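Chemist: One structure is given below, represented as structure tokens, and several questions about it will come after.
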Amino acid sequence: MTKNLYFIGLDIASADFAASIYQSPEQPVKTKEGFANTFDGFIMLTSWLESQKVNPANSVICLEATGVYSEGIAHFLVTQGFKVSVEPPLKVKRAFDPIGHKTDPVDSRQIAEYAYRFIDELRFWQPKDEIIEKIRHLLTARELYTKQSVAIQNALRAYKRHAVQVSLINDAHGQILKELKKHIAEVDKELDQLIRKNPTISQMNNQLTSLPGFGLLLSSSLISITGAFNEITTYKTLAAFIGICPYQHQSGTSVYRRPHIRRFGPAYARKLLTLAARSVVTHNEVFRKYYVRKLAEGKAKELVLNNVANKLIKIACA
């Protein structure tokens, strides 16, 4: 299967990236560095690959997920017809011994070798729909404004306890808070309008927001994470991805810990789910009875709330 394939590893940085071509352990690895992380650099990469007889039909390109740094080149390569895999950096790192040099060319060679060794496990990347990307960007901006608003409120509350104050500081903090609240309201309005424009997403959002504890933010967050429930379709996978799935830790008779969550995945969605769980155990009769019963059995509050969050995910996926 991998005999006639070229495996290209890309190590992406903010300004530039390195590329390596790997075929098999018996053949030398070809490496080139200094490609600019710009459109012109992407063109240079494809020209270099072409000079090495590498084309979309006989190659697999692998790179690590580095956020916005790798987003541009991944989009470009997919539009050129290449098969692109975007892998978690930790997964690639754990495939090799933690010894030796650490440079961009070395990393690119390791990524290329990783693609060769784990070709059967690679998942090929495709750009998300434009509306899903816009929803994600709006949620990210809203969370940023919310954190800034909370920080300013805390600073203002603390400052007002000083015996000696400067009115300019109070006024400035008040103006910033007013602007942040305005921007949050604008983001909410834009998010709602964006969802309403797409019939499929709008129907999905209406179904989700009809569930106990779900509002626009939690609904749109789940839609964004799951790719409108096309990329993640089962509640177990979604719960594990968000980081609310409890895992066991035991070995033999001497090693044992209670099942616990790892808190990996998107923190914003996890926070919204926790708030939703707190809401339903307070205002929904069914969840309230479950919550009170589990507390009476001696269960910890955080454990019961996490169980409720898992139940909400299960209902949403259903």
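Labeling convention for the structure tokens: chains A, B, ... as they appear, residues from 1 per chain, ligands from 1 in order of appearance.
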Check segment 10-155 of chain A with DSSP on the backbone and list each residue it calls strand (DSSP E or B), as a list in words.
Modeler: Leu10, Asp11, Ile12, Asp16, Phe17, Ala18, Ala19, Ser20, Ile21, Tyr22, Lys30, Thr31, Lys32, Glu33, Gly34, Phe35, Ala36, Ser59, Val60, Ile61, Cys62, Leu63, Glu64, Val84, Ser85, Val86, Glu87 and Phe124 of chain A
Chemist: Once DSSP has gone over the backbone, tell me which residues of segment 20-230 of chain A are in helix (DSSP H, G or I), as a ChimeraX atom specification.
Modeler: /A:39-51,56-58,68-79,89-93,104-117,119-121,130-159,167-197,199-209,216-226
Chemist: Pick out the closest residue to Ile313 of chain A from this set: A:Gly9, A:Gly252, A:Gly34, A:Gly213. Count only C-alpha atoms.
Modeler: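 Checking each of A:Gly9, A:Gly252, A:Gly34, A:Gly213 against Ile313 of chain A, counting only C-alpha atoms, the winner is A:Gly213.
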Chemist: Determine the nearest neighbour of Thr226 of chain A from the options A:Pro246, A:Pro212, A:Pro266, A:Gly41, counting only C-alpha atoms.
Modeler: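 Smallest distance to Thr226 of chain A is found for A:Pro266.
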Chemist: Quick one: which segment 167-249 of chain A residues come within 12 Å of segment 276-282 of chain A, and what is the nearest atom pair for each with the distance in Å to one decimal, counting only C-alpha atoms, rows ordered by chain and ascending number, as JSON lines?
Modeler:
```
{"residue": "A:Thr209", "atom": "CA", "partner": "A:Ala276", "partner_atom": "CA", "distance": 11.4}
{"residue": "A:Leu211", "atom": "CA", "partner": "A:Val280", "partner_atom": "CA", "distance": 10.1}
{"residue": "A:Pro212", "atom": "CA", "partner": "A:Val280", "partner_atom": "CA", "distance": 6.4}
{"residue": "A:Gly213", "atom": "CA", "partner": "A:Ala276", "partner_atom": "CA", "distance": 4.6}
{"residue": "A:Phe214", "atom": "CA", "partner": "A:Ala276", "partner_atom": "CA", "distance": 6.5}
{"residue": "A:Gly215", "atom": "CA", "partner": "A:Ala276", "partner_atom": "CA", "distance": 8.5}
{"residue": "A:Leu216", "atom": "CA", "partner": "A:Ala276", "partner_atom": "CA", "distance": 11.6}
{"residue": "A:Leu217", "atom": "CA", "partner": "A:Ala276", "partner_atom": "CA", "distance": 10.5}
{"residue": "A:Leu218", "atom": "CA", "partner": "A:Ala276", "partner_atom": "CA", "distance": 8.2}
{"residue": "A:Ser219", "atom": "CA", "partner": "A:Ala276", "partner_atom": "CA", "distance": 10.9}
```
Chemist: Keeping only N, CA, C and O atoms, write the selected residues to a file as a PDB file, in the first residue's frame.
Modeler:
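So the final result, stored in part29.pdb, reads:
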```pdb
ATOM      1  N   THR A 209     -32.239  24.031  21.096  1.00  0.00           N
ATOM      2  CA  THR A 209     -32.672  25.031  22.083  1.00  0.00           C
ATOM      3  C   THR A 209     -34.018  24.675  22.715  1.00  0.00           C
ATOM      4  O   THR A 209     -34.414  25.291  23.710  1.00  0.00           O
ATOM      5  N   LEU A 211     -34.449  21.842  24.066  1.00  0.00           N
ATOM      6  CA  LEU A 211     -34.097  20.905  25.136  1.00  0.00           C
ATOM      7  C   LEU A 211     -33.849  21.648  26.447  1.00  0.00           C
ATOM      8  O   LEU A 211     -33.464  22.826  26.439  1.00  0.00           O
ATOM      9  N   PRO A 212     -34.062  20.995  27.581  1.00  0.00           N
ATOM     10  CA  PRO A 212     -33.805  21.642  28.879  1.00  0.00           C
ATOM     11  C   PRO A 212     -32.345  22.065  29.002  1.00  0.00           C
ATOM     12  O   PRO A 212     -31.431  21.298  28.706  1.00  0.00           O
ATOM     13  N   GLY A 213     -32.140  23.304  29.448  1.00  0.00           N
ATOM     14  CA  GLY A 213     -30.800  23.808  29.702  1.00  0.00           C
ATOM     15  C   GLY A 213     -30.068  24.356  28.495  1.00  0.00           C
ATOM     16  O   GLY A 213     -28.995  24.952  28.639  1.00  0.00           O
ATOM     17  N   PHE A 214     -30.607  24.169  27.295  1.00  0.00           N
ATOM     18  CA  PHE A 214     -29.921  24.609  26.085  1.00  0.00           C
ATOM     19  C   PHE A 214     -30.373  26.011  25.685  1.00  0.00           C
ATOM     20  O   PHE A 214     -31.566  26.317  25.680  1.00  0.00           O
ATOM     21  N   GLY A 215     -29.384  26.833  25.343  1.00  0.00           N
ATOM     22  CA  GLY A 215     -29.640  28.148  24.793  1.00  0.00           C
ATOM     23  C   GLY A 215     -28.861  28.319  23.498  1.00  0.00           C
ATOM     24  O   GLY A 215     -28.243  27.371  22.998  1.00  0.00           O
ATOM     25  N   LEU A 216     -28.848  29.509  22.969  1.00  0.00           N
ATOM     26  CA  LEU A 216     -28.177  29.775  21.700  1.00  0.00           C
ATOM     27  C   LEU A 216     -26.697  29.450  21.760  1.00  0.00           C
ATOM     28  O   LEU A 216     -26.140  28.854  20.831  1.00  0.00           O
ATOM     29  N   LEU A 217     -26.025  29.804  22.859  1.00  0.00           N
ATOM     30  CA  LEU A 217     -24.582  29.626  22.947  1.00  0.00           C
ATOM     31  C   LEU A 217     -24.198  28.150  22.990  1.00  0.00           C
ATOM     32  O   LEU A 217     -23.307  27.711  22.258  1.00  0.00           O
ATOM     33  N   LEU A 218     -24.855  27.379  23.837  1.00  0.00           N
ATOM     34  CA  LEU A 218     -24.536  25.948  23.937  1.00  0.00           C
ATOM     35  C   LEU A 218     -24.901  25.230  22.644  1.00  0.00           C
ATOM     36  O   LEU A 218     -24.144  24.393  22.154  1.00  0.00           O
ATOM     37  N   SER A 219     -26.033  25.575  22.080  1.00  0.00           N
ATOM     38  CA  SER A 219     -26.462  24.951  20.824  1.00  0.00           C
ATOM     39  C   SER A 219     -25.467  25.212  19.710  1.00  0.00           C
ATOM     40  O   SER A 219     -25.006  24.288  19.027  1.00  0.00           O
TER      41      SER A 219
END
```
Chemist: I'd like to know which of A:Arg109, A:His162, A:Lys294, A:Arg262 is closest to Gln23 of chain A, using only C-alpha atoms.
Modeler: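 With only C-alpha atoms as the atom set, the closest residue is A:Arg109.
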Chemist: Please measure the separation of atom CA of Ile244 of chain A and atom CA of Ile261 of chain A, giving the value in Å to one decimal.
Modeler: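 A separation of 5.6 Å between them.
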Chemist: With a cut-off of 12 Å, could you pull out the residues of segment 84-164 of chain A touching segment 195-205 of chain A and give me the nearest pair of atoms for each, distance in Å to one decimal, using only C-alpha atoms, ordered by chain and ascending number, as JSON lines?
Modeler:
```
{"residue": "A:Asp129", "atom": "CA", "partner": "A:Ile201", "partner_atom": "CA", "distance": 11.3}
{"residue": "A:Glu130", "atom": "CA", "partner": "A:Asn198", "partner_atom": "CA", "distance": 11.1}
{"residue": "A:Ile131", "atom": "CA", "partner": "A:Ile195", "partner_atom": "CA", "distance": 8.0}
{"residue": "A:Ile132", "atom": "CA", "partner": "A:Ile201", "partner_atom": "CA", "distance": 9.2}
{"residue": "A:Glu133", "atom": "CA", "partner": "A:Ile195", "partner_atom": "CA", "distance": 12.0}
{"residue": "A:Lys134", "atom": "CA", "partner": "A:Ile195", "partner_atom": "CA", "distance": 9.9}
{"residue": "A:Ile135", "atom": "CA", "partner": "A:Ile195", "partner_atom": "CA", "distance": 8.2}
{"residue": "A:Arg136", "atom": "CA", "partner": "A:Ile195", "partner_atom": "CA", "distance": 11.8}
{"residue": "A:Leu138", "atom": "CA", "partner": "A:Ile195", "partner_atom": "CA", "distance": 11.5}
```
Chemist: Which residues are near Val92 of chain A? Cut-off 9 Å, only C-alpha atoms, ignore same chain within fewer than 4 positions. Put them as JSON, numbers by chain.
Modeler: {"A": [64, 87, 88, 96, 110, 111, 114]}
Chemist: Neighbours of Ala155 of chain A within 12 Å (only C-alpha atoms; same-chain residues fewer than 5 positions away dropped), as a PyMOL selection string?
Modeler: chain A and resi 148-150+160-162+169-170+172-174+176-177
Chemist: Given only C-alpha atoms as the basis, pick out the residue of A:Val187, A:Met44, A:Ile61, A:Ala112 nearest to Lys30 of chain A.
Modeler: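 Of the candidates, the smallest distance to Lys30 of chain A is held by A:Ala112.
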